[in-house]
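Below is target29.pdb, which holds PDB, C-alpha atoms.
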```pdb
ATOM      1  CA  MET L   1     -16.931 -83.228   2.484
ATOM      2  CA  LYS L   2     -13.579 -82.226   3.969
ATOM      3  CA  LYS L   3     -13.893 -79.540   6.628
ATOM      4  CA  MET L   4     -11.777 -76.469   5.914
ATOM      5  CA  PRO L   5      -9.760 -75.079   8.828
ATOM      6  CA  LEU L   6     -11.059 -71.732  10.066
ATOM      7  CA  PHE L   7      -7.727 -70.023   9.502
ATOM      8  CA  SER L   8      -5.073 -70.584   6.892
ATOM      9  CA  LYS L   9      -1.577 -71.614   7.979
ATOM     10  CA  SER L  10      -0.399 -68.040   7.760
ATOM     11  CA  HIS L  11      -2.588 -67.195  10.766
ATOM     12  CA  LYS L  12      -0.846 -69.601  13.142
ATOM     13  CA  ASN L  13       1.303 -67.497  15.422
ATOM     14  CA  PRO L  14       0.935 -63.930  16.765
ATOM     15  CA  ALA L  15       3.731 -62.505  14.588
ATOM     16  CA  GLU L  16       2.066 -63.851  11.437
ATOM     17  CA  ILE L  17      -1.401 -62.711  12.481
ATOM     18  CA  VAL L  18      -0.090 -59.187  13.071
ATOM     19  CA  LYS L  19       1.732 -59.174   9.725
ATOM     20  CA  VAL L  20      -1.319 -60.395   7.762
ATOM     21  CA  LEU L  21      -3.529 -57.861   9.533
ATOM     22  CA  LYS L  22      -1.117 -55.006   8.901
ATOM     23  CA  ASP L  23      -0.673 -55.891   5.205
ATOM     24  CA  ASN L  24      -4.413 -56.134   4.605
ATOM     25  CA  LEU L  25      -5.159 -52.897   6.431
ATOM     26  CA  ALA L  26      -2.651 -51.254   4.078
ATOM     27  CA  ILE L  27      -4.706 -52.599   1.121
ATOM     28  CA  LEU L  28      -7.915 -51.244   2.676
ATOM     29  CA  GLU L  29      -6.253 -47.828   3.071
ATOM     30  CA  LYS L  30      -5.614 -47.704  -0.702
ATOM     31  CA  GLN L  31      -9.351 -48.265  -1.367
ATOM     32  CA  ASP L  32      -8.781 -50.109  -4.653
ATOM     33  CA  LYS L  33     -10.468 -53.204  -6.149
ATOM     34  CA  LYS L  34      -8.869 -55.746  -3.830
ATOM     35  CA  THR L  35     -10.672 -54.503  -0.738
ATOM     36  CA  ASP L  36     -13.219 -57.346  -0.460
ATOM     37  CA  LYS L  37     -10.529 -60.000  -0.044
ATOM     38  CA  ALA L  38      -8.529 -57.721   2.258
ATOM     39  CA  SER L  39     -11.618 -57.026   4.341
ATOM     40  CA  GLU L  40     -12.180 -60.761   4.778
ATOM     41  CA  GLU L  41      -8.532 -61.279   5.818
ATOM     42  CA  VAL L  42      -8.807 -58.419   8.324
ATOM     43  CA  SER L  43     -11.912 -60.053   9.861
ATOM     44  CA  LYS L  44     -10.180 -63.447  10.088
ATOM     45  CA  SER L  45      -7.040 -61.962  11.634
ATOM     46  CA  LEU L  46      -9.040 -60.011  14.227
ATOM     47  CA  GLN L  47     -10.950 -63.179  15.071
ATOM     48  CA  ALA L  48      -7.691 -65.112  15.463
ATOM     49  CA  MET L  49      -6.274 -62.358  17.658
ATOM     50  CA  LYS L  50      -9.392 -62.353  19.820
ATOM     51  CA  GLU L  51      -9.107 -66.114  20.302
ATOM     52  CA  ILE L  52      -5.516 -65.756  21.531
ATOM     53  CA  LEU L  53      -6.455 -62.982  23.966
ATOM     54  CA  CYS L  54      -9.778 -64.300  25.249
ATOM     55  CA  GLY L  55      -9.337 -68.030  24.744
ATOM     56  CA  THR L  56     -12.171 -70.189  23.440
ATOM     57  CA  ASN L  57     -15.101 -71.703  25.340
ATOM     58  CA  ASP L  58     -13.103 -74.709  26.474
ATOM     59  CA  LYS L  59      -9.607 -73.187  26.610
ATOM     60  CA  GLU L  60      -7.985 -70.477  28.711
ATOM     61  CA  PRO L  61      -5.878 -67.870  26.835
ATOM     62  CA  PRO L  62      -2.304 -69.213  26.360
ATOM     63  CA  THR L  63      -0.091 -66.910  28.475
ATOM     64  CA  GLU L  64       2.945 -67.122  26.212
ATOM     65  CA  ALA L  65       0.967 -66.387  23.036
ATOM     66  CA  VAL L  66      -0.787 -63.453  24.745
ATOM     67  CA  ALA L  67       2.585 -61.969  25.773
ATOM     68  CA  GLN L  68       3.948 -62.470  22.241
ATOM     69  CA  LEU L  69       0.860 -60.895  20.657
ATOM     70  CA  ALA L  70       1.032 -57.876  22.981
ATOM     71  CA  GLN L  71       4.703 -57.377  22.106
ATOM     72  CA  GLU L  72       3.958 -57.666  18.375
ATOM     73  CA  LEU L  73       1.148 -55.106  18.684
ATOM     74  CA  TYR L  74       3.536 -52.630  20.356
ATOM     75  CA  ASN L  75       6.545 -53.257  18.102
ATOM     76  CA  SER L  76       4.620 -53.143  14.827
ATOM     77  CA  GLY L  77       2.611 -50.020  15.735
ATOM     78  CA  LEU L  78      -0.537 -52.005  14.890
ATOM     79  CA  LEU L  79      -2.385 -50.705  17.953
ATOM     80  CA  VAL L  80      -2.213 -47.220  16.423
ATOM     81  CA  THR L  81      -3.087 -48.474  12.911
ATOM     82  CA  LEU L  82      -6.210 -50.268  14.165
ATOM     83  CA  ILE L  83      -7.581 -47.005  15.569
ATOM     84  CA  ALA L  84      -6.472 -44.947  12.557
ATOM     85  CA  ASP L  85      -8.184 -47.422  10.179
ATOM     86  CA  LEU L  86     -11.230 -48.176  12.335
ATOM     87  CA  GLN L  87     -13.601 -46.562   9.816
ATOM     88  CA  LEU L  88     -12.395 -48.962   7.104
ATOM     89  CA  ILE L  89     -13.162 -52.085   9.143
ATOM     90  CA  ASP L  90     -16.598 -53.731   8.963
ATOM     91  CA  PHE L  91     -19.170 -53.600  11.789
ATOM     92  CA  GLU L  92     -18.206 -56.897  13.485
ATOM     93  CA  GLY L  93     -14.535 -56.052  13.008
ATOM     94  CA  LYS L  94     -14.995 -52.728  14.825
ATOM     95  CA  LYS L  95     -16.456 -54.668  17.771
ATOM     96  CA  ASP L  96     -13.467 -57.049  17.673
ATOM     97  CA  VAL L  97     -10.971 -54.151  17.650
ATOM     98  CA  THR L  98     -12.691 -52.663  20.725
ATOM     99  CA  GLN L  99     -12.569 -55.988  22.550
ATOM    100  CA  ILE L 100      -8.909 -56.604  21.613
ATOM    101  CA  PHE L 101      -7.881 -53.072  22.621
ATOM    102  CA  ASN L 102      -9.646 -53.182  25.998
ATOM    103  CA  ASN L 103      -8.417 -56.680  26.732
ATOM    104  CA  ILE L 104      -4.772 -55.830  26.032
ATOM    105  CA  LEU L 105      -5.154 -52.598  28.020
ATOM    106  CA  ARG L 106      -6.268 -54.516  31.144
ATOM    107  CA  ARG L 107      -3.379 -56.968  30.889
ATOM    108  CA  GLN L 108      -1.040 -56.871  33.877
ATOM    109  CA  ILE L 109       2.349 -58.372  34.652
ATOM    110  CA  GLY L 110       2.580 -58.249  38.422
ATOM    111  CA  THR L 111       1.789 -54.627  39.254
ATOM    112  CA  ARG L 112       2.767 -53.364  35.782
ATOM    113  CA  SER L 113       0.273 -52.548  33.037
ATOM    114  CA  PRO L 114       2.413 -52.742  29.862
ATOM    115  CA  THR L 115      -0.237 -51.270  27.537
ATOM    116  CA  VAL L 116      -0.809 -48.327  29.873
ATOM    117  CA  GLU L 117       2.955 -47.734  29.755
ATOM    118  CA  TYR L 118       2.918 -48.049  25.944
ATOM    119  CA  ILE L 119       0.047 -45.554  25.529
ATOM    120  CA  SER L 120       1.699 -43.156  28.010
ATOM    121  CA  ALA L 121       4.709 -43.168  25.680
ATOM    122  CA  HIS L 122       2.440 -42.771  22.606
ATOM    123  CA  PRO L 123      -0.215 -40.319  23.861
ATOM    124  CA  HIS L 124      -1.495 -39.569  20.340
ATOM    125  CA  ILE L 125      -3.457 -42.846  20.714
ATOM    126  CA  LEU L 126      -5.622 -41.127  23.340
ATOM    127  CA  PHE L 127      -6.185 -38.060  21.180
ATOM    128  CA  MET L 128      -7.100 -40.235  18.180
ATOM    129  CA  LEU L 129      -9.747 -41.934  20.325
ATOM    130  CA  LEU L 130     -11.025 -38.580  21.573
ATOM    131  CA  LYS L 131     -11.217 -37.243  18.015
ATOM    132  CA  GLY L 132     -13.241 -40.336  17.145
ATOM    133  CA  TYR L 133     -16.294 -38.485  18.522
ATOM    134  CA  GLU L 134     -16.197 -36.439  15.305
ATOM    135  CA  ALA L 135     -16.827 -39.538  13.138
ATOM    136  CA  PRO L 136     -20.339 -40.972  13.720
ATOM    137  CA  GLN L 137     -19.478 -44.479  12.396
ATOM    138  CA  ILE L 138     -16.781 -45.005  15.043
ATOM    139  CA  ALA L 139     -17.731 -42.515  17.785
ATOM    140  CA  LEU L 140     -19.294 -45.018  20.196
ATOM    141  CA  ARG L 141     -16.518 -47.595  19.685
ATOM    142  CA  CYS L 142     -13.867 -44.928  20.359
ATOM    143  CA  GLY L 143     -15.840 -43.895  23.435
ATOM    144  CA  ILE L 144     -15.721 -47.440  24.856
ATOM    145  CA  MET L 145     -11.931 -47.625  24.346
ATOM    146  CA  LEU L 146     -11.337 -44.108  25.672
ATOM    147  CA  ARG L 147     -13.292 -44.832  28.867
ATOM    148  CA  GLU L 148     -11.219 -47.957  29.433
ATOM    149  CA  CYS L 149      -8.055 -45.843  28.997
ATOM    150  CA  ILE L 150      -9.012 -43.112  31.437
ATOM    151  CA  ARG L 151      -9.826 -45.613  34.152
ATOM    152  CA  HIS L 152      -6.013 -45.680  34.452
ATOM    153  CA  GLU L 153      -4.862 -42.519  36.221
ATOM    154  CA  PRO L 154      -1.648 -41.979  34.168
ATOM    155  CA  LEU L 155      -3.746 -41.917  30.960
ATOM    156  CA  ALA L 156      -6.503 -39.799  32.501
ATOM    157  CA  LYS L 157      -3.877 -37.221  33.505
ATOM    158  CA  ILE L 158      -2.564 -36.960  29.929
ATOM    159  CA  ILE L 159      -6.008 -35.919  28.657
ATOM    160  CA  LEU L 160      -7.016 -33.915  31.714
ATOM    161  CA  PHE L 161      -3.930 -31.719  31.498
ATOM    162  CA  SER L 162      -3.968 -31.323  27.703
ATOM    163  CA  ASN L 163      -5.414 -28.628  25.444
ATOM    164  CA  GLN L 164      -7.627 -31.274  23.816
ATOM    165  CA  PHE L 165      -9.556 -31.713  27.079
ATOM    166  CA  ARG L 166     -11.666 -28.698  26.128
ATOM    167  CA  ASP L 167     -12.902 -30.612  23.041
ATOM    168  CA  PHE L 168     -15.392 -32.250  25.404
ATOM    169  CA  PHE L 169     -17.240 -28.900  25.243
ATOM    170  CA  LYS L 170     -17.908 -29.573  21.547
ATOM    171  CA  TYR L 171     -18.646 -33.256  21.812
ATOM    172  CA  VAL L 172     -21.229 -33.100  24.582
ATOM    173  CA  GLU L 173     -23.202 -30.625  22.498
ATOM    174  CA  LEU L 174     -23.218 -32.639  19.271
ATOM    175  CA  SER L 175     -26.644 -32.885  17.649
ATOM    176  CA  THR L 176     -26.495 -36.701  17.635
ATOM    177  CA  PHE L 177     -27.864 -37.467  21.086
ATOM    178  CA  ASP L 178     -26.262 -40.896  21.588
ATOM    179  CA  ILE L 179     -22.802 -39.535  20.716
ATOM    180  CA  ALA L 180     -23.245 -36.461  22.955
ATOM    181  CA  SER L 181     -24.411 -38.727  25.815
ATOM    182  CA  ASP L 182     -21.463 -41.061  25.265
ATOM    183  CA  ALA L 183     -19.016 -38.122  25.390
ATOM    184  CA  PHE L 184     -20.644 -37.016  28.645
ATOM    185  CA  ALA L 185     -20.338 -40.545  30.080
ATOM    186  CA  THR L 186     -16.611 -40.420  29.256
ATOM    187  CA  PHE L 187     -16.230 -36.947  30.760
ATOM    188  CA  LYS L 188     -17.965 -38.118  33.951
ATOM    189  CA  ILE L 189     -15.157 -40.605  34.659
ATOM    190  CA  PHE L 190     -12.828 -37.653  35.279
ATOM    191  CA  GLU L 191     -14.876 -36.850  38.376
ATOM    192  CA  ASP L 192     -13.554 -40.049  39.932
ATOM    193  CA  TYR L 193     -10.217 -38.267  40.054
ATOM    194  CA  GLU L 194     -11.383 -35.839  42.702
ATOM    195  CA  LYS L 195      -7.808 -35.422  43.938
ATOM    196  CA  LEU L 196      -6.701 -34.430  40.448
ATOM    197  CA  LEU L 197      -9.628 -32.026  40.167
ATOM    198  CA  GLN L 198      -8.581 -30.537  43.470
ATOM    199  CA  SER L 199      -4.946 -30.440  42.463
ATOM    200  CA  GLU L 200      -2.839 -27.396  41.757
ATOM    201  CA  ASN L 201      -3.836 -27.462  38.093
ATOM    202  CA  TYR L 202      -6.202 -24.541  38.337
ATOM    203  CA  VAL L 203      -6.962 -24.219  34.601
ATOM    204  CA  THR L 204      -8.042 -27.835  34.239
ATOM    205  CA  LYS L 205     -10.116 -27.791  37.389
ATOM    206  CA  ARG L 206     -11.916 -24.636  36.365
ATOM    207  CA  GLN L 207     -12.456 -25.991  32.831
ATOM    208  CA  SER L 208     -13.978 -29.217  34.187
ATOM    209  CA  ILE L 209     -16.470 -27.470  36.451
ATOM    210  CA  LYS L 210     -17.334 -24.865  33.814
ATOM    211  CA  LEU L 211     -18.053 -27.632  31.314
ATOM    212  CA  LEU L 212     -20.184 -29.451  33.853
ATOM    213  CA  GLY L 213     -22.133 -26.273  34.633
ATOM    214  CA  GLU L 214     -22.778 -25.538  30.958
ATOM    215  CA  LEU L 215     -23.865 -29.107  30.379
ATOM    216  CA  ILE L 216     -26.410 -29.426  33.130
ATOM    217  CA  LEU L 217     -27.812 -25.931  32.618
ATOM    218  CA  ASP L 218     -28.491 -26.606  28.943
ATOM    219  CA  ARG L 219     -32.160 -27.604  28.598
ATOM    220  CA  HIS L 220     -31.257 -30.098  25.825
ATOM    221  CA  ASN L 221     -29.425 -32.145  28.445
ATOM    222  CA  PHE L 222     -32.359 -32.547  30.836
ATOM    223  CA  ALA L 223     -31.920 -36.323  31.209
ATOM    224  CA  ILE L 224     -28.188 -35.952  31.915
ATOM    225  CA  MET L 225     -28.853 -33.153  34.420
ATOM    226  CA  THR L 226     -31.557 -35.147  36.254
ATOM    227  CA  LYS L 227     -29.234 -38.133  36.614
ATOM    228  CA  TYR L 228     -26.290 -35.986  37.738
ATOM    229  CA  ILE L 229     -28.170 -34.094  40.456
ATOM    230  CA  SER L 230     -29.690 -37.266  41.875
ATOM    231  CA  LYS L 231     -26.332 -38.502  43.165
ATOM    232  CA  PRO L 232     -25.168 -37.427  46.638
ATOM    233  CA  GLU L 233     -21.456 -37.827  45.797
ATOM    234  CA  ASN L 234     -21.837 -35.137  43.111
ATOM    235  CA  LEU L 235     -23.409 -32.725  45.605
ATOM    236  CA  LYS L 236     -20.609 -33.398  48.123
ATOM    237  CA  LEU L 237     -17.968 -32.671  45.469
ATOM    238  CA  MET L 238     -19.598 -29.319  44.628
ATOM    239  CA  MET L 239     -19.917 -28.386  48.318
ATOM    240  CA  ASN L 240     -16.178 -29.025  48.710
ATOM    241  CA  LEU L 241     -15.394 -26.953  45.612
ATOM    242  CA  LEU L 242     -17.440 -24.032  46.977
ATOM    243  CA  ARG L 243     -14.646 -23.776  49.559
ATOM    244  CA  ASP L 244     -11.803 -23.992  47.017
ATOM    245  CA  LYS L 245      -8.967 -21.524  47.476
ATOM    246  CA  SER L 246      -9.662 -20.030  44.034
ATOM    247  CA  PRO L 247     -12.656 -17.607  43.879
ATOM    248  CA  ASN L 248     -13.154 -18.457  40.179
ATOM    249  CA  ILE L 249     -13.457 -22.159  40.921
ATOM    250  CA  GLN L 250     -15.843 -21.405  43.804
ATOM    251  CA  PHE L 251     -17.954 -19.352  41.395
ATOM    252  CA  GLU L 252     -18.094 -22.139  38.760
ATOM    253  CA  ALA L 253     -18.981 -24.669  41.486
ATOM    254  CA  PHE L 254     -21.784 -22.354  42.686
ATOM    255  CA  HIS L 255     -23.471 -22.612  39.266
ATOM    256  CA  VAL L 256     -23.545 -26.396  39.531
ATOM    257  CA  PHE L 257     -24.504 -26.409  43.235
ATOM    258  CA  LYS L 258     -27.508 -24.166  42.584
ATOM    259  CA  VAL L 259     -29.056 -26.812  40.294
ATOM    260  CA  PHE L 260     -29.111 -29.319  43.181
ATOM    261  CA  VAL L 261     -30.819 -26.823  45.485
ATOM    262  CA  ALA L 262     -33.239 -25.300  42.972
ATOM    263  CA  SER L 263     -34.501 -28.640  41.633
ATOM    264  CA  PRO L 264     -38.128 -29.296  42.653
ATOM    265  CA  HIS L 265     -37.520 -33.052  42.386
ATOM    266  CA  LYS L 266     -34.668 -33.648  44.825
ATOM    267  CA  THR L 267     -33.916 -37.262  45.697
ATOM    268  CA  GLN L 268     -34.095 -38.182  49.394
ATOM    269  CA  PRO L 269     -30.286 -38.525  49.839
ATOM    270  CA  ILE L 270     -29.844 -34.980  48.411
ATOM    271  CA  VAL L 271     -32.483 -33.559  50.770
ATOM    272  CA  GLU L 272     -30.796 -35.306  53.702
ATOM    273  CA  ILE L 273     -27.369 -33.812  52.922
ATOM    274  CA  LEU L 274     -28.845 -30.313  52.557
ATOM    275  CA  LEU L 275     -30.810 -30.675  55.820
ATOM    276  CA  LYS L 276     -27.803 -32.035  57.684
ATOM    277  CA  ASN L 277     -25.783 -28.992  56.601
ATOM    278  CA  GLN L 278     -28.697 -26.513  56.663
ATOM    279  CA  PRO L 279     -27.415 -23.976  59.259
ATOM    280  CA  LYS L 280     -23.838 -24.127  57.945
ATOM    281  CA  LEU L 281     -24.936 -23.657  54.321
ATOM    282  CA  ILE L 282     -27.156 -20.664  55.167
ATOM    283  CA  GLU L 283     -24.320 -19.028  57.074
ATOM    284  CA  PHE L 284     -21.775 -19.873  54.357
ATOM    285  CA  LEU L 285     -23.904 -18.584  51.460
ATOM    286  CA  SER L 286     -24.798 -15.379  53.321
ATOM    287  CA  SER L 287     -21.171 -14.298  53.197
ATOM    288  CA  PHE L 288     -20.185 -16.147  50.008
ATOM    289  CA  GLN L 289     -18.294 -13.875  47.540
ATOM    290  CA  LYS L 290     -19.743 -10.659  49.009
ATOM    291  CA  GLU L 291     -17.279  -8.687  46.899
ATOM    292  CA  ARG L 292     -19.389  -9.397  43.778
ATOM    293  CA  THR L 293     -21.507  -6.352  44.540
ATOM    294  CA  ASP L 294     -22.057  -5.413  40.886
ATOM    295  CA  ASP L 295     -23.470  -8.825  39.916
ATOM    296  CA  GLU L 296     -27.195  -8.541  40.626
ATOM    297  CA  GLN L 297     -28.098 -11.912  39.140
ATOM    298  CA  PHE L 298     -25.566 -13.651  41.388
ATOM    299  CA  SER L 299     -26.974 -11.883  44.488
ATOM    300  CA  ASP L 300     -30.530 -12.835  43.519
ATOM    301  CA  GLU L 301     -29.563 -16.453  42.925
ATOM    302  CA  LYS L 302     -27.717 -16.595  46.234
ATOM    303  CA  ASN L 303     -30.709 -15.191  48.134
ATOM    304  CA  TYR L 304     -33.011 -17.627  46.353
ATOM    305  CA  LEU L 305     -30.802 -20.584  47.354
ATOM    306  CA  ILE L 306     -30.639 -19.414  50.969
ATOM    307  CA  LYS L 307     -34.449 -19.260  51.029
ATOM    308  CA  GLN L 308     -34.747 -22.729  49.437
ATOM    309  CA  ILE L 309     -32.359 -24.240  51.985
ATOM    310  CA  ARG L 310     -34.070 -22.458  54.879
ATOM    311  CA  ASP L 311     -37.494 -23.753  53.752
ATOM    312  CA  LEU L 312     -36.340 -27.372  53.525
ATOM    313  CA  LYS L 313     -38.149 -29.637  55.934
ATOM    314  CA  LYS L 314     -37.745 -33.254  56.902
ATOM    315  CA  THR L 315     -40.285 -35.364  55.067
ATOM    316  CA  THR L 316     -42.291 -37.624  57.320
ATOM    317  CA  PRO L 317     -42.224 -41.218  56.101
TER     318      PRO L 317
END
```
Just give me the structure of the file as structure tokens.
Amino acid sequence: MKKMPLFSKSHKNPAEIVKVLKDNLAILEKQDKKTDKASEEVSKSLQAMKEILCGTNDKEPPTEAVAQLAQELYNSGLLVTLIADLQLIDFEGKKDVTQIFNNILRRQIGTRSPTVEYISAHPHILFMLLKGYEAPQIALRCGIMLRECIRHEPLAKIILFSNQFRDFFKYVELSTFDIASDAFATFKIFEDYEKLLQSENYVTKRQSIKLLGELILDRHNFAIMTKYISKPENLKLMMNLLRDKSPNIQFEAFHVFKVFVASPHKTQPIVEILLKNQPKLIEFLSSFQKERTDDEQFSDEKNYLIKQIRDLKKTTP
């Protein structure tokens, strides 16, 4: 029996693959009777694209074809279409789209990252991915692509300094636990941009810390809170933010800092940081925001934290 080639001739070069994929996605968008055939063509095209980008077991990706495919993806607007139509693509296809997107995003020419430049010029791609958290069938796939995007500072800045950043408030409180956790994992990457958080953008910085405080104080997020307060770098960040020039940011940071101190199950590195700074912290908290005389709860919490820090003792091994 004659073996059929995996792809028809029309799938040979990047330009043709992109055209076939685009045409068949357009058929899927119409949702008429021809969708089965179109769906199959979409799967084949994605597979062909993946082979160009990732190579096969015995072959490295061909540099020239990769460059041509990247250019075709930009010029045709297919990168946007793939995200817009993600819900119409089958399960394996969704995985392929994620792999293609992340692969092309990591591509560098010298020190340049062409896809980062492309997305910076088309920021709606980022907001489409963020909005993906509202669609359960694609939420986790969009999360994977969004995290890859915000590992690049220019793209992280676009979201961090946008009005849509506050949508994280909604997403981390979604009733579907795995989606809420995924949104939190994405949000956490923004903490790596400590300099940005400590930048002049007061609104964004305050928003970030407020969101963090609300998240870890919500009893539904116990697992997230436990993980967050176990890490010494998170405690150090909050201790720095307690000294921020803005009293409002100090106040938001206080509500996160108190969770580290009040926790009965502190990890050893957390205890060590608190002990190392014990006298300084007691002195600092004693005079911290004294002007809030009318806020009894704040005064009580502050006194409680001072007592907790004072009572800390080195554990004998």
Could you list, with a cut-off of 6 Å and counting all atoms listed in the file, the residues of range 60-140 of chain L near range 33-53 of chain L, each shown with its nearest atom pair and the distance in Å rounded to one decimal, rows sorted by chain and ascending number, as a tab-separated table?
```
residue	atom	partner	partner_atom	distance
L:Pro61	CA	L:Leu53	CA	5.7
L:Val66	CA	L:Leu53	CA	5.7
L:Gly93	CA	L:Ser43	CA	5.7
```
Chain and number of each residue from the PyMOL selection byres ((chain L and resi 257) around 9), as a PyMOL selection string: chain L and resi 213+229+235+238-239+242+252-256+258-262
Please save C-alpha atoms of the selected residues as a compact mmCIF listing (two decimals), keeping the file's coordinate frame.
```txt
# COMPACT_ATOMS: atom_id res chain seq x y z
CA GLY L 213 -22.13 -26.27 34.63
CA ILE L 229 -28.17 -34.09 40.46
CA LEU L 235 -23.41 -32.72 45.60
CA MET L 238 -19.60 -29.32 44.63
CA MET L 239 -19.92 -28.39 48.32
CA LEU L 242 -17.44 -24.03 46.98
CA GLU L 252 -18.09 -22.14 38.76
CA ALA L 253 -18.98 -24.67 41.49
CA PHE L 254 -21.78 -22.35 42.69
CA HIS L 255 -23.47 -22.61 39.27
CA VAL L 256 -23.54 -26.40 39.53
CA LYS L 258 -27.51 -24.17 42.58
CA VAL L 259 -29.06 -26.81 40.29
CA PHE L 260 -29.11 -29.32 43.18
CA VAL L 261 -30.82 -26.82 45.48
CA ALA L 262 -33.24 -25.30 42.97
```
Range 62-64 of chain L surroundings by all atoms listed in the file, 12 Å radius, close-in-sequence under 2 positions cut, as a PyMOL selection string: chain L and resi 13-14+49-56+59-60+66-71+107-109
Explicit residues for the PyMOL selection byres ((chain L and resi 309) around 12) (as an MDAnalysis selection string): chainID L and resid 257:258 260:263 270:286 302:308 310:314
Selection under test: the PyMOL selection byres ((chain L and resi 23) around 12); residues as a PyMOL selection string: chain L and resi 16-22+24-30+35+37-39+41-42+45+76+78+81-82
CA of Phe184 in chain L to CA of Leu79 in chain L, straight-line distance in Å: 25.2 Å
Computed interatomic separation between CA of Ala183 in chain L and CA of His265 in chain L (Å):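 Taking CA of Ala183 in chain L as the start and CA of His265 in chain L as the end point, the length is 25.6 Å.
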Ser175 in chain L surroundings by all atoms listed in the file, 12 Å radius, close-in-sequence under 2 positions cut, as an MDAnalysis selection string: chainID L and resid 133:134 136 170:173 177:181 220:221
Among listed residues L:Pro114, L:Ile89, L:Gly77, L:Gln268, nearest Lys231 in chain L (using all atoms listed in the file):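 Of the candidates, the smallest distance to Lys231 in chain L is held by L:Gln268.
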Counting all atoms listed in the file, the option among L:Leu237, L:Leu140, L:Met128, L:Ile158 closest to Asp182 in chain L: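 Distance minimum relative to Asp182 in chain L lands on L:Leu140.
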Nearest candidate to Arg166 in chain L (options L:Ile144, L:Asp294, L:Arg206, L:Phe101; using all atoms listed in the file):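 So, comparing all the options, the nearest one is L:Arg206.
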